[in-house]
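Just below is one structure, and these are the notes that go with it.
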Amino acid sequence: MPRATNGPATLARRKKVLKKARGYFGNKSRLFRYAKDAVDRAEVYAYRDRRKKKTEFRQLWIVRINAICRNNGINYSRFIRGIKAAGIEMDRKQLSELAIHDEAAFLTLIEKAKEANAA
């Protein structure tokens with residue numbers, strides 16, 4: 001008896017891959033063999049870029065913090081060192097949001113950082 005190649009599990013697997021490959025160009029969206037390779041490659045990039053996104057957002061936050069700090073007479077590294085010395089535990093995302101939406105509160109943090117650096 002020949003081997004069955006159209007069993008329910010096989011068809012479900014093919015259907016799942018072809019669904020993920022919707023919108024791909026040419027045979028990559030229509031034929032299982034090519035779609036499987038394209039989907040595998042896409043998932044590798046997705047995994048890598050989920051981690052890369054964290055780095056890019058952190059860089060954005062640092063640029064924002066540095067811009068407002070330099071406008072107020074302190075650079076980024078001295079500001080971070082100052083708030084750590086002052087015992088203020090805020091991450092860069094929170095500092096960036098504060099710098100954008102509540103500048104007065106951020107200016108008080110800058111003053112506390114300057115005082116902590118002087119001491």
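Chain lettering (A, B, ...) mirrors the order of the structure tokens, residue numbering begins at 1 for each chain separately, and ligand numbering begins at 1 in order of display.
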What are the closest atom pairs, with distances in Å to one decimal, for all residues of stretch 6-25 of chain A lying within 12 Å of stretch 41-49 of chain A? Consider only C-alpha atoms, order rows by chain and residue number, and present the result as a tab-separated table.
residue	atom	partner	partner_atom	distance
A:Val17	CA	A:Glu43	CA	11.4
A:Lys20	CA	A:Ala42	CA	9.6
A:Ala21	CA	A:Ala42	CA	9.3
A:Tyr24	CA	A:Ala42	CA	10.6
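Taking only stretch 22-56 of chain A, the residues that DSSP calls helix (DSSP H, G or I) from the backbone come to Gly26, Asn27, Lys28, Ser29, Phe32, Arg33, Tyr34, Ala35, Lys36, Asp37, Ala38, Val39, Asp40, Arg41, Ala42, Glu43, Val44, Tyr45, Ala46, Tyr47, Arg48, Asp49, Arg50, Arg51, Lys52, Lys53, Lys54, Thr55 and Glu56 of chain A.
Residue nearest A:Ile65 within the list A:Lys93, A:Arg81, A:Lys114, A:Arg33: A:Lys93 [criterion: smallest interatomic distance, only C-alpha atoms].
Between atom CA of A:Glu111 and atom CA of A:Ile62 there is a distance of 18.4 Å.
Take atom CA of A:Arg70 and atom CA of A:Ile110: the distance between them is 10.3 Å.
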Task: Shell of 12 Å around A:Leu98, only C-alpha atoms, local chain residues under 2 positions omitted, as JSON, numbers by chain - done: {"A": [61, 64, 65, 68, 90, 91, 92, 93, 94, 95, 96, 100, 101, 102, 103, 104, 105, 106, 107, 108, 109, 110]}
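Compared by their closest atoms to A:Phe79, and using only C-alpha atoms, the residues A:Ala99, A:Ala4, A:Ala113, A:Leu60 rank with A:Ala113 nearest.
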If you count only C-alpha atoms, which residues fall within 8 Å of A:Ala116, apart from same-chain ones fewer than 6 positions away, as a PDB file with N, CA, C and O atoms, in the first residue's frame?
ATOM      1  N   GLY A  82      24.648  61.525  38.087  1.00  0.00           N
ATOM      2  CA  GLY A  82      24.077  62.342  39.161  1.00  0.00           C
ATOM      3  C   GLY A  82      22.794  61.765  39.727  1.00  0.00           C
ATOM      4  O   GLY A  82      22.600  61.739  40.947  1.00  0.00           O
ATOM      5  N   ILE A  83      21.903  61.286  38.865  1.00  0.00           N
ATOM      6  CA  ILE A  83      20.651  60.755  39.414  1.00  0.00           C
ATOM      7  C   ILE A  83      20.877  59.427  40.117  1.00  0.00           C
ATOM      8  O   ILE A  83      20.175  59.102  41.067  1.00  0.00           O
ATOM      9  N   ALA A  85      23.652  58.798  41.829  1.00  0.00           N
ATOM     10  CA  ALA A  85      24.239  59.209  43.103  1.00  0.00           C
ATOM     11  C   ALA A  85      23.175  59.788  44.040  1.00  0.00           C
ATOM     12  O   ALA A  85      23.266  59.646  45.261  1.00  0.00           O
ATOM     13  N   ALA A  86      22.151  60.436  43.463  1.00  0.00           N
ATOM     14  CA  ALA A  86      21.082  61.017  44.272  1.00  0.00           C
ATOM     15  C   ALA A  86      20.073  59.970  44.729  1.00  0.00           C
ATOM     16  O   ALA A  86      19.174  60.275  45.500  1.00  0.00           O
TER      17      ALA A  86
END
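Using only C-alpha atoms, the contacts of A:Tyr34 at a cut-off of 12 Å, with sequence neighbours closer than 3 positions omitted, comprise Arg14, Val17, Leu18, Ala21, Tyr24, Phe25, Gly26, Asn27, Lys28, Ser29, Arg30, Leu31, Asp37, Ala38, Val39, Asp40 and Arg41 of chain A.
Nearest to A:Arg78 of all the residues A:Arg13, A:Ala118, A:Glu97, A:Lys53 is A:Ala118, based on only C-alpha atoms.
The gap separating atom CA of A:Phe32 from atom CA of A:Lys16 is 10.0 Å, in Å to one decimal.
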